[in-house]
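In what follows, a single structure is set out as structure tokens and then discussed.
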Amino acid sequence: MTGKLDLGVGMVGYAFMGAVHSQAWRTVGHVFDLPVEVRMAAIGGRDPVAVKAAADRHGWSAAETDWRTLIARDDVQIVDICTPGDTHASIAIEALRAGKHVICEKPLANTVSEASAMAEAAAEAATRGVRSMVAFNYRRVPALAYARSLVKAGRIGTLRHVRAAYQQDWLVDPSAPLTWRMQKERAGSGALGDIAAHIVDAAQFVVGDVLSGVSGLTETFVRSRPLSGGSGLSAAVGGSGVGEVTVDDAAVFFGRFVGGGIATFEATRFATGRKNAMQLEIYGSDGGIRFDFERMNELLFFDGSQPAEEAGYRRVLVTEPEHPYLGAWWPPGHPLGYEHTFTHEFRDFLVAVAEDADPSPSFADGLQVQKVLAAVSLSAESGSGWVVV
Ligand code: SOE
């Protein structure tokens with residue numbers, strides 16, 4: 001016995017995100033010196049054979065086929081939601097009511113009204129010491145957390161521009177099957193909710209401001225796809241013939257921050273050859289920052305206070321123990337990867353729970369991102385241009 005608060009996790013979902021989250025739950029208590037003990041109590045999913053296999057593979061002590069049973073377990077104090085968006089609200093709200101802390105994958109929900117109900121439930125639960133967080137993992141890329149600290153310290157001056165892009169190409173092939181991510185009733189939206197949500201959150205996080213309005217355009221390039229085939233992230237929904245794609249394949253939009261800076265965003269599953277290219281560029285009156293997830297251990301920083309002949313984008317290798325999260329990992333120059341962002345996210349969540357504080361980003365933050373996404377959709381669908389968030 002360590003005398004530390006003992007927290008059992010019950011995770012719902014076991015596909016790609018479930019596997020990534022499992023890896024982070026397995027790791028977090030070994031890497032960081034936490035004020036709590038974490039146990040991987042149970043994993044939930046509807047298919048009994050598949051969920052049992054996932055439990056064995058990823059190190060969960062038990063498997064449940066009903067998320068309500070999972071939430072009700074006495075050995076579960078944290079509910080981790082890794083399911084498609086259409087189930088987030090019901091699972092999260094029930095868990096919060098039951099007094100379980102909740103961490104929920106992004107986007108927070110499929111609609112603003114679901115996200116509002118979740119944020120309301122989270123605010124009420126917080127009065128009982130029950131905590132919640134939306135899982136925008138890119139905030140926990142050390143280079144982006146470091147970028148945030150540079151902006152906060154005034155190193156780029158007044159914000160002028162943000163240029164953000166999230167490009168993937170897994171739908172370029174028109175014969176790629178229809179998955180739940182292409183069904184509005186399950187995913188809410190397409191590239192918009194799945195990946196634009198990340199760059200909206202990351203941009204707002206790094207600059208420390210929120211978007212006040214947007215104007216956007218969405219496109220669905222391939223409107224029907226085979227109902228069978230694929231595997232993993234690309235596993236089809238099932239059936240024969242073809243089914244309708246009811247979400248966007250790509251979204252582009254621009255926006256204005258409350259503080260006056262302006263921004264462009266591009267999210268697409270049709271950027272041929274780009275696999276998971278997430279980029280953020282931030283330009284201020286006194287400096288600039290450029291980040292590319294394909295080189296996630298680096299940040300390019302232009303310090304305008306340097307003499308002109310020496311200034312220029314410097315490549316900062318973000319692997320020093322002084323950089324966010326890095327002190328717990330490897331010696332300088334030994335880089336981290338995608339999975340570590342989730343370990344960092346859980347570390348921050350657990351510390352907040354132990355300190356009886358609200359973790360960030362909160363469900364209210366998730367709701368705010370949802371409002372941005374809804375404003376982009378409204379602008380795109382109505383063709384009416386500017387929409388206030
Ligand atoms: C699929 O587009 C996906 O797995 C997203 O759902 C994740 O949030 C992103 O990090 C990687 O791509």
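Chain labels A, B, ... are given in the sequence in which chains occur in the structure tokens; within each chain residues are numbered consecutively from 1, and ligands are likewise numbered from 1 in the order shown.
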(message) Can you work out which residues are within 7 Å of ligand 1, considering only C-alpha atoms and all ligand atoms, and then hand them over as number ranges by chain?
(response) A: 106, 194-195, 276
Go ahead and write the selection's residues with N, CA and C atoms as a PDB file, in the first residue's frame.
```
ATOM      1  N   LYS A 106     -12.284  13.421 -28.380  1.00  0.00           N
ATOM      2  CA  LYS A 106     -12.776  14.552 -29.167  1.00  0.00           C
ATOM      3  C   LYS A 106     -13.448  14.051 -30.433  1.00  0.00           C
ATOM      4  N   ASP A 194     -13.508  15.515 -36.861  1.00  0.00           N
ATOM      5  CA  ASP A 194     -12.439  14.556 -36.564  1.00  0.00           C
ATOM      6  C   ASP A 194     -11.076  15.239 -36.450  1.00  0.00           C
ATOM      7  N   ILE A 195     -10.748  16.107 -37.406  1.00  0.00           N
ATOM      8  CA  ILE A 195      -9.398  16.675 -37.375  1.00  0.00           C
ATOM      9  C   ILE A 195      -9.345  18.204 -37.327  1.00  0.00           C
ATOM     10  N   ASN A 276      -0.658  12.155 -41.852  1.00  0.00           N
ATOM     11  CA  ASN A 276      -1.206  12.741 -40.618  1.00  0.00           C
ATOM     12  C   ASN A 276      -0.452  14.047 -40.365  1.00  0.00           C
TER      13      ASN A 276
END
```
(message) Using only C-alpha atoms, which protein or nucleic acid residues come within 12 Å of region 319-331 of chain A? Drop anything in the same chain fewer than 6 positions from it, and give the result as a PyMOL selection string.
(response) chain A and resi 27-34+139-150+296-299+337+340-348
Only C-alpha atoms, please: the residues just picked out, written as a PDB file, in the first residue's frame.
```
ATOM      1  CA  THR A  27       2.594   3.765 -19.038  1.00  0.00           C
ATOM      2  CA  VAL A  28       1.568   6.885 -17.157  1.00  0.00           C
ATOM      3  CA  GLY A  29       2.178   5.608 -13.620  1.00  0.00           C
ATOM      4  CA  HIS A  30       5.591   4.217 -14.551  1.00  0.00           C
ATOM      5  CA  VAL A  31       6.925   7.348 -16.225  1.00  0.00           C
ATOM      6  CA  PHE A  32       5.530  10.089 -14.036  1.00  0.00           C
ATOM      7  CA  ASP A  33       5.746  10.279 -10.289  1.00  0.00           C
ATOM      8  CA  LEU A  34       2.001  10.531  -9.723  1.00  0.00           C
ATOM      9  CA  ARG A 139      -2.013  20.151 -26.600  1.00  0.00           C
ATOM     10  CA  ARG A 140       0.301  17.669 -24.928  1.00  0.00           C
ATOM     11  CA  VAL A 141       2.872  17.550 -27.722  1.00  0.00           C
ATOM     12  CA  PRO A 142       5.820  19.018 -25.772  1.00  0.00           C
ATOM     13  CA  ALA A 143       6.694  21.378 -28.652  1.00  0.00           C
ATOM     14  CA  LEU A 144       3.150  22.817 -28.673  1.00  0.00           C
ATOM     15  CA  ALA A 145       3.037  23.122 -24.886  1.00  0.00           C
ATOM     16  CA  TYR A 146       6.359  24.934 -25.170  1.00  0.00           C
ATOM     17  CA  ALA A 147       4.959  27.153 -27.964  1.00  0.00           C
ATOM     18  CA  ARG A 148       2.134  28.069 -25.606  1.00  0.00           C
ATOM     19  CA  SER A 149       4.643  29.155 -22.975  1.00  0.00           C
ATOM     20  CA  LEU A 150       6.536  31.298 -25.523  1.00  0.00           C
ATOM     21  CA  MET A 296       6.941  16.776 -33.625  1.00  0.00           C
ATOM     22  CA  ASN A 297      10.076  17.100 -31.502  1.00  0.00           C
ATOM     23  CA  GLU A 298      11.000  20.394 -33.141  1.00  0.00           C
ATOM     24  CA  LEU A 299       9.732  23.947 -33.046  1.00  0.00           C
ATOM     25  CA  GLY A 337       6.121  10.074 -30.532  1.00  0.00           C
ATOM     26  CA  HIS A 340       3.371  10.041 -25.542  1.00  0.00           C
ATOM     27  CA  THR A 341       0.860  12.868 -26.024  1.00  0.00           C
ATOM     28  CA  PHE A 342      -1.798  10.625 -24.477  1.00  0.00           C
ATOM     29  CA  THR A 343       0.469   9.674 -21.572  1.00  0.00           C
ATOM     30  CA  HIS A 344       0.933  13.404 -20.904  1.00  0.00           C
ATOM     31  CA  GLU A 345      -2.791  14.003 -21.169  1.00  0.00           C
ATOM     32  CA  PHE A 346      -3.543  11.318 -18.570  1.00  0.00           C
ATOM     33  CA  ARG A 347      -0.758  12.609 -16.323  1.00  0.00           C
ATOM     34  CA  ASP A 348      -2.344  16.075 -16.292  1.00  0.00           C
TER      35      ASP A 348
END
```
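What separates CA of Leu217 (chain A) from CA of Glu381 (chain A) is a distance of 7.9 Å.
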(message) Considering only strand (DSSP E or B) as DSSP defines it on the backbone, what residues of region 92-158 of chain A qualify? List them as a PyMOL selection string.
(response) chain A and resi 101-105+132-135
(request) Would you mind telling me which residue in A:Glu355, A:Glu244, A:Asp201, A:Glu94 lies nearest to Thr69 (chain A) when using only C-alpha atoms? (result)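 Closest candidate: A:Glu94.
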(request) Could you check which of A:Leu178, A:Val210, A:Ala98, A:Val112 is closest to Ser234 (chain A), using only C-alpha atoms? (result) A:Leu178
(request) Fewer than 4 positions away in the same chain doesn't count, so skip those; otherwise give me all residues within 12 Å of Ser384 (chain A), counting only C-alpha atoms, as a PyMOL selection string. (result) chain A and resi 214-217+375-380+388
Output of the above residues as an mmCIF file, in the first residue's frame, restricted to N, CA and C atoms:
```cif
data_model
loop_
_atom_site.group_PDB
_atom_site.id
_atom_site.type_symbol
_atom_site.label_atom_id
_atom_site.label_comp_id
_atom_site.auth_asym_id
_atom_site.auth_seq_id
_atom_site.Cartn_x
_atom_site.Cartn_y
_atom_site.Cartn_z
ATOM 1 N N VAL A 214 -16.380 32.762 -37.791
ATOM 2 C CA VAL A 214 -15.719 31.996 -38.858
ATOM 3 C C VAL A 214 -16.523 32.090 -40.149
ATOM 4 N N SER A 215 -15.871 31.738 -41.239
ATOM 5 C CA SER A 215 -16.569 31.585 -42.508
ATOM 6 C C SER A 215 -15.949 30.378 -43.199
ATOM 7 N N GLY A 216 -16.781 29.462 -43.689
ATOM 8 C CA GLY A 216 -16.188 28.210 -44.164
ATOM 9 C C GLY A 216 -16.823 27.609 -45.394
ATOM 10 N N LEU A 217 -16.140 26.574 -45.837
ATOM 11 C CA LEU A 217 -16.542 25.819 -47.020
ATOM 12 C C LEU A 217 -16.250 24.353 -46.716
ATOM 13 N N ALA A 375 -20.514 26.507 -36.329
ATOM 14 C CA ALA A 375 -20.530 27.771 -37.074
ATOM 15 C C ALA A 375 -19.941 27.560 -38.466
ATOM 16 N N VAL A 376 -18.889 26.748 -38.567
ATOM 17 C CA VAL A 376 -18.303 26.455 -39.888
ATOM 18 C C VAL A 376 -19.342 25.726 -40.748
ATOM 19 N N SER A 377 -20.010 24.720 -40.161
ATOM 20 C CA SER A 377 -21.034 23.961 -40.904
ATOM 21 C C SER A 377 -22.140 24.882 -41.389
ATOM 22 N N LEU A 378 -22.600 25.747 -40.492
ATOM 23 C CA LEU A 378 -23.690 26.654 -40.858
ATOM 24 C C LEU A 378 -23.255 27.579 -41.993
ATOM 25 N N SER A 379 -22.062 28.115 -41.870
ATOM 26 C CA SER A 379 -21.545 29.005 -42.909
ATOM 27 C C SER A 379 -21.454 28.260 -44.245
ATOM 28 N N ALA A 380 -20.928 27.020 -44.199
ATOM 29 C CA ALA A 380 -20.737 26.246 -45.431
ATOM 30 C C ALA A 380 -22.072 25.846 -46.045
ATOM 31 N N VAL A 388 -21.040 34.199 -36.446
ATOM 32 C CA VAL A 388 -20.499 34.503 -35.122
ATOM 33 C C VAL A 388 -20.523 33.223 -34.282
#
```
(message) Please list as JSON, numbers by chain every residue within 10 Å of Trp67 (chain A), counting only C-alpha atoms and excluding residues in the same chain fewer than 5 positions away.
(response) {"A": [10, 11, 12, 13, 43, 44, 45, 46, 72, 79, 81, 91, 94, 95]}
